[in-house]
>>> print(open('coords.pdb').read())   # PDB, C-alpha atoms, pLDDT in the B column
ATOM      1  CA  MET A 158     -84.685 -83.321-144.248  1.00 50.00           C
ATOM      2  CA  GLN A 159     -84.102 -84.646-140.734  1.00 54.00           C
ATOM      3  CA  HIS A 160     -82.558 -82.306-138.157  1.00 49.00           C
ATOM      4  CA  ASP A 161     -81.012 -83.103-134.809  1.00 54.00           C
ATOM      5  CA  PRO A 162     -83.072 -81.898-131.851  1.00 54.00           C
ATOM      6  CA  ILE A 163     -81.896 -78.698-130.189  1.00 48.00           C
ATOM      7  CA  PRO A 164     -80.668 -79.475-126.661  1.00 57.00           C
ATOM      8  CA  ARG A 165     -82.415 -77.566-123.933  1.00 65.00           C
ATOM      9  CA  ARG A 166     -80.125 -75.887-121.431  1.00 73.00           C
ATOM     10  CA  PRO A 167     -81.140 -74.679-118.007  1.00 83.00           C
ATOM     11  CA  VAL A 168     -80.948 -70.907-117.686  1.00 88.00           C
ATOM     12  CA  SER A 169     -78.604 -71.320-114.731  1.00 90.00           C
ATOM     13  CA  GLU A 170     -76.121 -73.155-116.963  1.00 90.00           C
ATOM     14  CA  ALA A 171     -75.920 -70.211-119.333  1.00 89.00           C
ATOM     15  CA  VAL A 172     -75.357 -67.847-116.396  1.00 91.00           C
ATOM     16  CA  PHE A 173     -72.672 -70.161-115.041  1.00 91.00           C
ATOM     17  CA  ASP A 174     -70.903 -70.258-118.418  1.00 87.00           C
ATOM     18  CA  GLN A 175     -70.710 -66.474-118.668  1.00 89.00           C
ATOM     19  CA  LEU A 176     -69.590 -65.931-115.086  1.00 92.00           C
ATOM     20  CA  ARG A 177     -66.991 -68.709-115.355  1.00 89.00           C
ATOM     21  CA  ALA A 178     -65.545 -67.153-118.504  1.00 86.00           C
ATOM     22  CA  ALA A 179     -65.471 -63.721-116.852  1.00 89.00           C
ATOM     23  CA  ILE A 180     -63.615 -65.051-113.810  1.00 90.00           C
ATOM     24  CA  LEU A 181     -61.090 -67.165-115.720  1.00 86.00           C
ATOM     25  CA  SER A 182     -60.380 -64.414-118.247  1.00 82.00           C
ATOM     26  CA  GLY A 183     -59.734 -61.837-115.523  1.00 85.00           C
ATOM     27  CA  GLY A 184     -62.957 -59.906-115.951  1.00 88.00           C
ATOM     28  CA  TYR A 185     -63.442 -60.417-112.228  1.00 91.00           C
ATOM     29  CA  GLU A 186     -60.078 -60.359-110.460  1.00 91.00           C
ATOM     30  CA  ALA A 187     -59.126 -62.535-107.509  1.00 91.00           C
ATOM     31  CA  GLY A 188     -60.628 -61.184-104.318  1.00 91.00           C
ATOM     32  CA  ALA A 189     -63.205 -59.075-106.130  1.00 92.00           C
ATOM     33  CA  ALA A 190     -66.822 -59.234-105.013  1.00 93.00           C
ATOM     34  CA  LEU A 191     -69.379 -60.343-107.573  1.00 94.00           C
ATOM     35  CA  PRO A 192     -72.476 -58.166-107.938  1.00 92.00           C
ATOM     36  CA  ALA A 193     -75.367 -59.065-105.654  1.00 91.00           C
ATOM     37  CA  GLU A 194     -77.793 -61.773-106.807  1.00 91.00           C
ATOM     38  CA  ARG A 195     -80.449 -59.159-107.564  1.00 92.00           C
ATOM     39  CA  LEU A 196     -78.099 -57.167-109.780  1.00 93.00           C
ATOM     40  CA  LEU A 197     -76.871 -60.262-111.587  1.00 93.00           C
ATOM     41  CA  ALA A 198     -80.436 -61.393-112.184  1.00 92.00           C
ATOM     42  CA  GLU A 199     -81.262 -58.001-113.671  1.00 92.00           C
ATOM     43  CA  SER A 200     -78.113 -58.006-115.791  1.00 91.00           C
ATOM     44  CA  PHE A 201     -78.804 -61.484-117.217  1.00 91.00           C
ATOM     45  CA  ALA A 202     -82.585 -60.906-117.369  1.00 91.00           C
ATOM     46  CA  VAL A 203     -83.220 -64.104-115.399  1.00 91.00           C
ATOM     47  CA  ASN A 204     -84.731 -64.915-112.023  1.00 92.00           C
ATOM     48  CA  ARG A 205     -82.632 -64.992-108.856  1.00 92.00           C
ATOM     49  CA  HIS A 206     -82.988 -68.770-108.538  1.00 93.00           C
ATOM     50  CA  ALA A 207     -81.029 -69.236-111.790  1.00 92.00           C
ATOM     51  CA  VAL A 208     -78.306 -66.923-110.496  1.00 93.00           C
ATOM     52  CA  ARG A 209     -78.186 -68.742-107.170  1.00 93.00           C
ATOM     53  CA  GLU A 210     -77.766 -72.119-108.889  1.00 94.00           C
ATOM     54  CA  ALA A 211     -74.999 -70.726-111.103  1.00 93.00           C
ATOM     55  CA  LEU A 212     -73.155 -69.351-108.072  1.00 94.00           C
ATOM     56  CA  LYS A 213     -73.375 -72.736-106.355  1.00 94.00           C
ATOM     57  CA  ARG A 214     -71.743 -74.355-109.376  1.00 91.00           C
ATOM     58  CA  LEU A 215     -69.011 -71.733-109.368  1.00 93.00           C
ATOM     59  CA  GLN A 216     -68.382 -72.486-105.712  1.00 92.00           C
ATOM     60  CA  GLN A 217     -68.226 -76.223-106.408  1.00 89.00           C
ATOM     61  CA  ALA A 218     -65.688 -75.538-109.140  1.00 87.00           C
ATOM     62  CA  GLY A 219     -63.556 -73.608-106.649  1.00 88.00           C
ATOM     63  CA  LEU A 220     -63.899 -70.299-108.460  1.00 92.00           C
ATOM     64  CA  VAL A 221     -65.835 -68.299-105.844  1.00 93.00           C
ATOM     65  CA  GLU A 222     -66.418 -68.279-102.108  1.00 93.00           C
ATOM     66  CA  ILE A 223     -69.995 -67.713-101.002  1.00 91.00           C
ATOM     67  CA  ARG A 224     -70.306 -66.055 -97.615  1.00 85.00           C
ATOM     68  CA  HIS A 225     -73.744 -66.102 -96.056  1.00 80.00           C
ATOM     69  CA  GLY A 226     -74.791 -62.558 -95.351  1.00 75.00           C
ATOM     70  CA  GLY A 227     -71.746 -61.244 -97.181  1.00 80.00           C
ATOM     71  CA  ALA A 228     -70.425 -60.798-100.685  1.00 87.00           C
ATOM     72  CA  THR A 229     -69.566 -63.645-103.030  1.00 92.00           C
ATOM     73  CA  ARG A 230     -65.862 -63.220-103.753  1.00 94.00           C
ATOM     74  CA  VAL A 231     -63.690 -64.536-106.557  1.00 94.00           C
ATOM     75  CA  ARG A 232     -61.023 -66.976-105.435  1.00 92.00           C
ATOM     76  CA  ASP A 233     -57.468 -66.859-106.731  1.00 90.00           C
ATOM     77  CA  TRP A 234     -57.829 -70.059-108.740  1.00 85.00           C
ATOM     78  CA  ARG A 235     -54.209 -69.967-109.894  1.00 83.00           C
ATOM     79  CA  VAL A 236     -53.089 -70.176-106.251  1.00 86.00           C
ATOM     80  CA  GLU A 237     -55.864 -72.248-104.698  1.00 83.00           C
ATOM     81  CA  GLY A 238     -57.114 -74.373-107.601  1.00 79.00           C
ATOM     82  CA  GLY A 239     -56.302 -77.975-108.487  1.00 78.00           C
ATOM     83  CA  LEU A 240     -55.965 -79.938-111.714  1.00 76.00           C
ATOM     84  CA  ASP A 241     -59.735 -80.341-111.869  1.00 76.00           C
ATOM     85  CA  LEU A 242     -59.942 -76.704-112.971  1.00 78.00           C
ATOM     86  CA  LEU A 243     -58.217 -77.614-116.237  1.00 75.00           C
ATOM     87  CA  ALA A 244     -61.614 -78.781-117.454  1.00 71.00           C
ATOM     88  CA  HIS A 245     -62.879 -75.205-117.040  1.00 74.00           C
ATOM     89  CA  VAL A 246     -59.917 -73.180-118.298  1.00 72.00           C
ATOM     90  CA  PRO A 247     -60.638 -73.807-122.023  1.00 65.00           C
ATOM     91  CA  PHE A 248     -63.877 -71.873-121.604  1.00 59.00           C
ATOM     92  CA  ALA A 249     -62.106 -68.633-120.658  1.00 60.00           C
ATOM     93  CA  GLY A 250     -62.142 -67.346-124.224  1.00 55.00           C
ATOM     94  CA  GLU A 251     -58.892 -66.619-126.052  1.00 49.00           C
ATOM     95  CA  ARG A 252     -56.949 -66.379-122.805  1.00 49.00           C
ATOM     96  CA  GLY A 253     -57.844 -69.934-121.825  1.00 47.00           C
ATOM     97  CA  ALA A 254     -58.170 -71.905-125.046  1.00 51.00           C
ATOM     98  CA  GLY A 255     -54.987 -70.684-126.732  1.00 58.00           C
ATOM     99  CA  PRO A 256     -51.898 -72.713-127.642  1.00 65.00           C
ATOM    100  CA  GLU A 257     -50.358 -72.033-124.227  1.00 71.00           C
ATOM    101  CA  LEU A 258     -52.974 -74.291-122.622  1.00 73.00           C
ATOM    102  CA  LEU A 259     -52.231 -77.100-125.065  1.00 75.00           C
ATOM    103  CA  ARG A 260     -48.513 -76.703-124.376  1.00 79.00           C
ATOM    104  CA  SER A 261     -49.160 -76.912-120.620  1.00 80.00           C
ATOM    105  CA  VAL A 262     -51.252 -80.055-121.058  1.00 81.00           C
ATOM    106  CA  VAL A 263     -48.641 -81.707-123.277  1.00 84.00           C
ATOM    107  CA  GLU A 264     -45.773 -80.880-120.906  1.00 87.00           C
ATOM    108  CA  ALA A 265     -47.627 -82.265-117.886  1.00 87.00           C
ATOM    109  CA  ARG A 266     -48.714 -85.315-119.865  1.00 88.00           C
ATOM    110  CA  ARG A 267     -45.111 -86.073-120.810  1.00 91.00           C
ATOM    111  CA  TRP A 268     -43.662 -85.918-117.308  1.00 90.00           C
ATOM    112  CA  ILE A 269     -46.546 -87.861-115.788  1.00 93.00           C
ATOM    113  CA  GLY A 270     -46.468 -90.429-118.586  1.00 95.00           C
ATOM    114  CA  VAL A 271     -42.794 -91.256-118.116  1.00 96.00           C
ATOM    115  CA  ASP A 272     -43.278 -92.038-114.440  1.00 97.00           C
ATOM    116  CA  VAL A 273     -46.553 -93.846-115.127  1.00 97.00           C
ATOM    117  CA  ALA A 274     -44.806 -96.167-117.587  1.00 97.00           C
ATOM    118  CA  ARG A 275     -42.077 -96.915-115.049  1.00 97.00           C
ATOM    119  CA  LEU A 276     -44.616 -97.651-112.318  1.00 98.00           C
ATOM    120  CA  ALA A 277     -46.731 -99.788-114.638  1.00 97.00           C
ATOM    121  CA  ALA A 278     -43.704-101.958-115.395  1.00 97.00           C
ATOM    122  CA  ALA A 279     -43.204-102.494-111.667  1.00 97.00           C
ATOM    123  CA  ARG A 280     -46.851-102.911-110.618  1.00 97.00           C
ATOM    124  CA  ALA A 281     -48.875-104.214-113.545  1.00 96.00           C
ATOM    125  CA  SER A 282     -50.757-107.420-112.799  1.00 95.00           C
ATOM    126  CA  ALA A 283     -51.040-110.243-115.310  1.00 95.00           C
ATOM    127  CA  ALA A 284     -54.544-109.002-116.123  1.00 95.00           C
ATOM    128  CA  HIS A 285     -53.231-105.486-116.759  1.00 95.00           C
ATOM    129  CA  VAL A 286     -50.512-106.779-119.083  1.00 95.00           C
ATOM    130  CA  ALA A 287     -52.997-108.963-120.966  1.00 94.00           C
ATOM    131  CA  ALA A 288     -55.311-105.967-121.423  1.00 93.00           C
ATOM    132  CA  LEU A 289     -52.431-103.840-122.701  1.00 94.00           C
ATOM    133  CA  ARG A 290     -51.349-106.515-125.175  1.00 92.00           C
ATOM    134  CA  ASP A 291     -54.904-106.835-126.447  1.00 89.00           C
ATOM    135  CA  ARG A 292     -54.904-103.128-127.234  1.00 87.00           C
ATOM    136  CA  VAL A 293     -51.859-103.382-129.508  1.00 86.00           C
ATOM    137  CA  THR A 294     -52.662-106.691-131.213  1.00 71.00           C
ATOM    138  CA  ASP A 295     -56.298-106.300-132.268  1.00 68.00           C
ATOM    139  CA  GLY A 296     -55.649-105.387-135.879  1.00 66.00           C
ATOM    140  CA  ALA A 297     -55.312-101.613-135.799  1.00 71.00           C
ATOM    141  CA  ASP A 298     -54.572-100.036-139.176  1.00 79.00           C
ATOM    142  CA  PRO A 299     -52.000 -97.183-139.096  1.00 78.00           C
ATOM    143  CA  SER A 300     -53.771 -95.645-142.107  1.00 81.00           C
ATOM    144  CA  ALA A 301     -57.121 -95.519-140.282  1.00 85.00           C
ATOM    145  CA  PRO A 302     -58.726 -92.101-139.697  1.00 88.00           C
ATOM    146  CA  LEU A 303     -56.851 -90.017-137.155  1.00 85.00           C
ATOM    147  CA  ALA A 304     -59.923 -89.723-134.915  1.00 85.00           C
ATOM    148  CA  GLU A 305     -60.091 -93.512-134.643  1.00 87.00           C
ATOM    149  CA  LEU A 306     -56.373 -93.889-133.926  1.00 88.00           C
ATOM    150  CA  SER A 307     -56.506 -91.068-131.379  1.00 86.00           C
ATOM    151  CA  ALA A 308     -59.329 -92.781-129.503  1.00 86.00           C
ATOM    152  CA  ARG A 309     -57.397 -96.058-129.453  1.00 89.00           C
ATOM    153  CA  TYR A 310     -54.229 -94.310-128.290  1.00 90.00           C
ATOM    154  CA  GLU A 311     -56.113 -92.531-125.511  1.00 89.00           C
ATOM    155  CA  ALA A 312     -57.562 -95.864-124.373  1.00 91.00           C
ATOM    156  CA  LEU A 313     -54.075 -97.419-124.391  1.00 93.00           C
ATOM    157  CA  TRP A 314     -52.696 -94.715-122.121  1.00 94.00           C
ATOM    158  CA  ARG A 315     -55.664 -94.998-119.797  1.00 93.00           C
ATOM    159  CA  ALA A 316     -54.879 -98.710-119.454  1.00 95.00           C
ATOM    160  CA  ILE A 317     -51.218 -97.905-118.741  1.00 96.00           C
ATOM    161  CA  VAL A 318     -52.193 -95.342-116.097  1.00 96.00           C
ATOM    162  CA  GLU A 319     -54.524 -97.860-114.476  1.00 95.00           C
ATOM    163  CA  ALA A 320     -51.706-100.425-114.474  1.00 96.00           C
ATOM    164  CA  SER A 321     -49.492 -97.943-112.592  1.00 96.00           C
ATOM    165  CA  ASP A 322     -51.864 -98.253-109.612  1.00 96.00           C
ATOM    166  CA  ASN A 323     -51.548 -94.547-108.753  1.00 96.00           C
ATOM    167  CA  LEU A 324     -54.848 -92.773-108.090  1.00 94.00           C
ATOM    168  CA  ALA A 325     -53.322 -89.289-108.222  1.00 92.00           C
ATOM    169  CA  TYR A 326     -51.936 -89.947-111.711  1.00 93.00           C
ATOM    170  CA  LEU A 327     -55.273 -91.399-112.832  1.00 92.00           C
ATOM    171  CA  LEU A 328     -57.186 -88.312-111.705  1.00 90.00           C
ATOM    172  CA  ALA A 329     -54.551 -86.049-113.258  1.00 88.00           C
ATOM    173  CA  TYR A 330     -54.916 -87.970-116.530  1.00 88.00           C
ATOM    174  CA  ASN A 331     -58.671 -87.381-116.445  1.00 86.00           C
ATOM    175  CA  SER A 332     -58.117 -83.647-115.952  1.00 83.00           C
ATOM    176  CA  LEU A 333     -55.607 -83.434-118.805  1.00 82.00           C
ATOM    177  CA  LEU A 334     -58.011 -85.232-121.118  1.00 79.00           C
ATOM    178  CA  ALA A 335     -60.831 -82.872-120.198  1.00 75.00           C
ATOM    179  CA  ALA A 336     -58.649 -79.870-121.022  1.00 71.00           C
ATOM    180  CA  GLY A 337     -57.544 -81.327-124.339  1.00 64.00           C
ATOM    181  CA  ASP A 338     -61.099 -82.211-125.365  1.00 62.00           C
ATOM    182  CA  ALA A 339     -61.994 -78.531-125.652  1.00 56.00           C
ATOM    183  CA  ALA A 340     -59.599 -78.238-128.596  1.00 54.00           C
ATOM    184  CA  GLN A 341     -60.102 -81.753-129.900  1.00 57.00           C
ATOM    185  CA  GLU A 342     -59.175 -81.142-133.531  1.00 55.00           C
ATOM    186  CA  ALA A 343     -56.028 -79.195-132.641  1.00 58.00           C
ATOM    187  CA  SER A 344     -54.963 -81.699-129.994  1.00 65.00           C
ATOM    188  CA  GLN A 345     -55.447 -84.623-132.396  1.00 67.00           C
ATOM    189  CA  GLN A 346     -53.061 -82.998-134.851  1.00 74.00           C
ATOM    190  CA  VAL A 347     -50.478 -82.432-132.112  1.00 78.00           C
ATOM    191  CA  PHE A 348     -50.727 -86.063-131.012  1.00 83.00           C
ATOM    192  CA  ALA A 349     -50.936 -87.490-134.557  1.00 85.00           C
ATOM    193  CA  SER A 350     -47.356 -88.783-134.710  1.00 87.00           C
ATOM    194  CA  GLU A 351     -47.806 -90.630-131.424  1.00 88.00           C
ATOM    195  CA  ALA A 352     -51.228 -92.020-132.272  1.00 88.00           C
ATOM    196  CA  ARG A 353     -50.106 -93.444-135.626  1.00 90.00           C
ATOM    197  CA  ASP A 354     -46.924 -95.189-134.398  1.00 90.00           C
ATOM    198  CA  LEU A 355     -48.378 -98.596-133.554  1.00 91.00           C
ATOM    199  CA  GLU A 356     -44.896-100.174-133.410  1.00 92.00           C
ATOM    200  CA  ALA A 357     -43.894 -97.760-130.636  1.00 94.00           C
ATOM    201  CA  HIS A 358     -47.087 -98.653-128.750  1.00 95.00           C
ATOM    202  CA  ALA A 359     -46.235-102.348-128.991  1.00 94.00           C
ATOM    203  CA  ALA A 360     -42.656-101.777-127.839  1.00 96.00           C
ATOM    204  CA  LEU A 361     -43.854 -99.820-124.806  1.00 97.00           C
ATOM    205  CA  VAL A 362     -46.331-102.531-123.845  1.00 96.00           C
ATOM    206  CA  THR A 363     -43.626-105.173-124.241  1.00 96.00           C
ATOM    207  CA  ALA A 364     -41.308-103.286-121.871  1.00 97.00           C
ATOM    208  CA  ILE A 365     -44.103-102.966-119.315  1.00 97.00           C
ATOM    209  CA  GLY A 366     -44.952-106.645-119.652  1.00 96.00           C
ATOM    210  CA  ASP A 367     -41.272-107.553-119.165  1.00 97.00           C
ATOM    211  CA  GLY A 368     -41.152-105.464-116.001  1.00 97.00           C
ATOM    212  CA  ASP A 369     -38.386-103.302-117.480  1.00 97.00           C
ATOM    213  CA  GLY A 370     -39.151 -99.927-115.891  1.00 97.00           C
ATOM    214  CA  ASP A 371     -36.139 -98.079-117.270  1.00 97.00           C
ATOM    215  CA  ARG A 372     -36.845 -99.121-120.845  1.00 98.00           C
ATOM    216  CA  ALA A 373     -40.560 -98.391-120.442  1.00 97.00           C
ATOM    217  CA  ALA A 374     -39.739 -94.896-119.193  1.00 97.00           C
ATOM    218  CA  LEU A 375     -37.359 -94.239-122.113  1.00 97.00           C
ATOM    219  CA  LEU A 376     -39.893 -95.462-124.674  1.00 97.00           C
ATOM    220  CA  ALA A 377     -42.655 -93.393-123.076  1.00 96.00           C
ATOM    221  CA  ASP A 378     -40.429 -90.307-123.092  1.00 95.00           C
ATOM    222  CA  ASP A 379     -39.591 -90.789-126.770  1.00 94.00           C
ATOM    223  CA  LEU A 380     -43.252 -91.231-127.656  1.00 93.00           C
ATOM    224  CA  LEU A 381     -44.646 -88.388-125.563  1.00 92.00           C
ATOM    225  CA  SER A 382     -41.904 -85.943-126.575  1.00 90.00           C
ATOM    226  CA  ARG A 383     -43.272 -85.888-130.109  1.00 88.00           C
ATOM    227  CA  SER A 384     -46.425 -84.051-129.118  1.00 84.00           C
ATOM    228  CA  LEU A 385     -44.369 -81.588-127.084  1.00 80.00           C
ATOM    229  CA  THR A 386     -42.265 -80.806-130.153  1.00 79.00           C
ATOM    230  CA  ALA A 387     -45.420 -80.323-132.209  1.00 76.00           C
ATOM    231  CA  ALA A 388     -47.039 -78.126-129.544  1.00 72.00           C
ATOM    232  CA  LEU A 389     -43.958 -75.912-129.233  1.00 72.00           C
ATOM    233  CA  ALA A 390     -43.808 -75.561-133.010  1.00 73.00           C
ATOM    234  CA  ALA A 391     -47.463 -74.519-133.080  1.00 66.00           C
ATOM    235  CA  LEU A 392     -46.849 -72.009-130.313  1.00 63.00           C
ATOM    236  CA  ALA A 393     -43.867 -70.528-132.150  1.00 62.00           C
TER
END
>>> encode(input="coords.pdb", output="structure tokens")
Amino acid sequence: MQHDPIPRRPVSEAVFDQLRAAILSGGYEAGAALPAERLLAESFAVNRHAVREALKRLQQAGLVEIRHGGATRVRDWRVEGGLDLLAHVPFAGERGAGPELLRSVVEARRWIGVDVARLAAARASAAHVAALRDRVTDGADPSAPLAELSARYEALWRAIVEASDNLAYLLAYNSLLAAGDAAQEASQQVFASEARDLEAHAALVTAIGDGDGDRAALLADDLLSRSLTAALAALA
């Protein structure tokens, strides 16, 4: 029997994972000082180099502030953090990966998507429109596996966001995807109604191609509201 190889992980990555979860779950509160490198190394039974690398990654993620000659303190990520932290929040245990996170992602996705569709209708180039039309006319089967339809639907929205010519929305879209990926199976079920409605996809692309921003926004709102309804039902 053939087995997949076991991936090797740097020790520092494992330390980073545990400290990140502790910070995001409130184990270390905002403003609190982390234990000294020596104490952390002893606690994790690793060398200080691994701890130092993990702390650098935490600083890059915006979760701690490293002061040379002083304590490493936890930042208030809810006040100072940006959308990029959404990619880390799912790893905060039950507090981070619960249905509330999925609801937050779906709500943000809806409001961004409506404006993105409107902007795409106003700004899409001929090449953008051709790419969008290709995505809804290449023989997709609505009865195909949900994972396949979800991937196609995600690619369609990425193309729409790119057509909107708004870098902030594009980066926000990346962050929302990263957060949803942590609960891939659950998020696919929430987005199932949207992903399977190929006629709605085609209608949205047609409105964008026609330069009809108001209609594109309405169609996007109708489409994206379905996942919000599903997420709220799951939360209830």
>>> resolve_selection(input="coords.pdb", expression="the PyMOL selection byres ((chain A and resi 298-313) around 7)", output="PyMOL selection string")
chain A and resi 289+292+296-297+314-317+345+349+352-353+355
>>> resolve_selection(input="coords.pdb", expression="the PyMOL selection byres ((chain A and resi 204-214) around 9)", output="list in words")
Pro167, Val168, Ser169, Glu170, Ala171, Val172, Phe173, Asp174, Leu176, Glu194, Arg195, Leu197, Ala198, Glu199, Phe201, Ala202, Val203, Leu215, Gln216, Gln217, Ala218, Gly219, Leu220, Val221, Ile223 and Thr229 of chain A
>>> residues_around(input="coords.pdb", residues="A:Gly227", least_positions_apart="2", cutoff="12 Å", atoms="only C-alpha atoms", output="JSON, numbers by chain")
{"A": [190, 191, 192, 193, 194, 222, 223, 224, 225, 229, 230]}
>>> closest_atom_pairs(input="coords.pdb", of="stretch 192-260 of chain A", to="stretch 318-332 of chain A", cutoff="10 Å", atoms="all atoms listed in the file", output="JSON lines")
{"residue": "A:Gly239", "atom": "CA", "partner": "A:Ala329", "partner_atom": "CA", "distance": 9.5}
{"residue": "A:Leu240", "atom": "CA", "partner": "A:Ser332", "partner_atom": "CA", "distance": 6.0}
{"residue": "A:Asp241", "atom": "CA", "partner": "A:Ser332", "partner_atom": "CA", "distance": 5.5}
{"residue": "A:Leu242", "atom": "CA", "partner": "A:Ser332", "partner_atom": "CA", "distance": 7.8}
{"residue": "A:Leu243", "atom": "CA", "partner": "A:Ser332", "partner_atom": "CA", "distance": 6.0}
{"residue": "A:Ala244", "atom": "CA", "partner": "A:Ser332", "partner_atom": "CA", "distance": 6.2}
{"residue": "A:His245", "atom": "CA", "partner": "A:Ser332", "partner_atom": "CA", "distance": 9.8}
>>> residues_around(input="coords.pdb", residues="A:Asp367", least_positions_apart="4", cutoff="9 Å", atoms="all atoms listed in the file", output="ChimeraX atom specification")
/A:278,362-363
>>> resolve_selection(input="coords.pdb", expression="the PyMOL selection byres ((chain A and resi 274) around 8)", output="PyMOL selection string")
chain A and resi 270-273+275-278+317-318+321+365+370+373-374+377
>>> write_last_selection(input="coords.pdb", atoms="C-alpha atoms", output="PDB file, keeping the file's coordinate frame")
ATOM      1  CA  GLY A 270     -46.468 -90.429-118.586  1.00 95.00           C
ATOM      2  CA  VAL A 271     -42.794 -91.256-118.116  1.00 96.00           C
ATOM      3  CA  ASP A 272     -43.278 -92.038-114.440  1.00 97.00           C
ATOM      4  CA  VAL A 273     -46.553 -93.846-115.127  1.00 97.00           C
ATOM      5  CA  ARG A 275     -42.077 -96.915-115.049  1.00 97.00           C
ATOM      6  CA  LEU A 276     -44.616 -97.651-112.318  1.00 98.00           C
ATOM      7  CA  ALA A 277     -46.731 -99.788-114.638  1.00 97.00           C
ATOM      8  CA  ALA A 278     -43.704-101.958-115.395  1.00 97.00           C
ATOM      9  CA  ILE A 317     -51.218 -97.905-118.741  1.00 96.00           C
ATOM     10  CA  VAL A 318     -52.193 -95.342-116.097  1.00 96.00           C
ATOM     11  CA  SER A 321     -49.492 -97.943-112.592  1.00 96.00           C
ATOM     12  CA  ILE A 365     -44.103-102.966-119.315  1.00 97.00           C
ATOM     13  CA  GLY A 370     -39.151 -99.927-115.891  1.00 97.00           C
ATOM     14  CA  ALA A 373     -40.560 -98.391-120.442  1.00 97.00           C
ATOM     15  CA  ALA A 374     -39.739 -94.896-119.193  1.00 97.00           C
ATOM     16  CA  ALA A 377     -42.655 -93.393-123.076  1.00 96.00           C
TER      17      ALA A 377
END
>>> axis_aligned_box(input="coords.pdb", around="stretch 186-205 of chain A", padding_each_side="8 Å", output="AutoDock Vina command-line options")
--center_x -71.9 --center_y -61.1 --center_z -110.8 --size_x 41.6 --size_y 23.8 --size_z 29.1
>>> closest_residue(input="coords.pdb", among="A:Phe348, A:Trp234, A:Trp268, A:Tyr185", to="A:Ser384", atoms="only C-alpha atoms")
A:Phe348
>>> residues_around(input="coords.pdb", residues="A:Gly188", least_positions_apart="6", cutoff="8 Å", atoms="all atoms listed in the file", output="short mmCIF file (atom, residue, chain, number, x, y, z; two decimals) with C-alpha atoms, in the coordinates of the input")
data_model
loop_
_atom_site.label_atom_id
_atom_site.label_comp_id
_atom_site.auth_asym_id
_atom_site.auth_seq_id
_atom_site.Cartn_x
_atom_site.Cartn_y
_atom_site.Cartn_z
CA ARG A 230 -65.86 -63.22 -103.75
CA VAL A 231 -63.69 -64.54 -106.56
CA ARG A 232 -61.02 -66.98 -105.44
CA ASP A 233 -57.47 -66.86 -106.73
#
>>> closest_residue(input="coords.pdb", among="A:Ala357, A:Leu258, A:Ala187, A:Ala288", to="A:Leu381", atoms="all atoms listed in the file")
A:Ala357
>>> closest_residue(input="coords.pdb", among="A:Leu385, A:Val263, A:Leu334, A:Val293", to="A:Ala360", atoms="only C-alpha atoms")
A:Val293
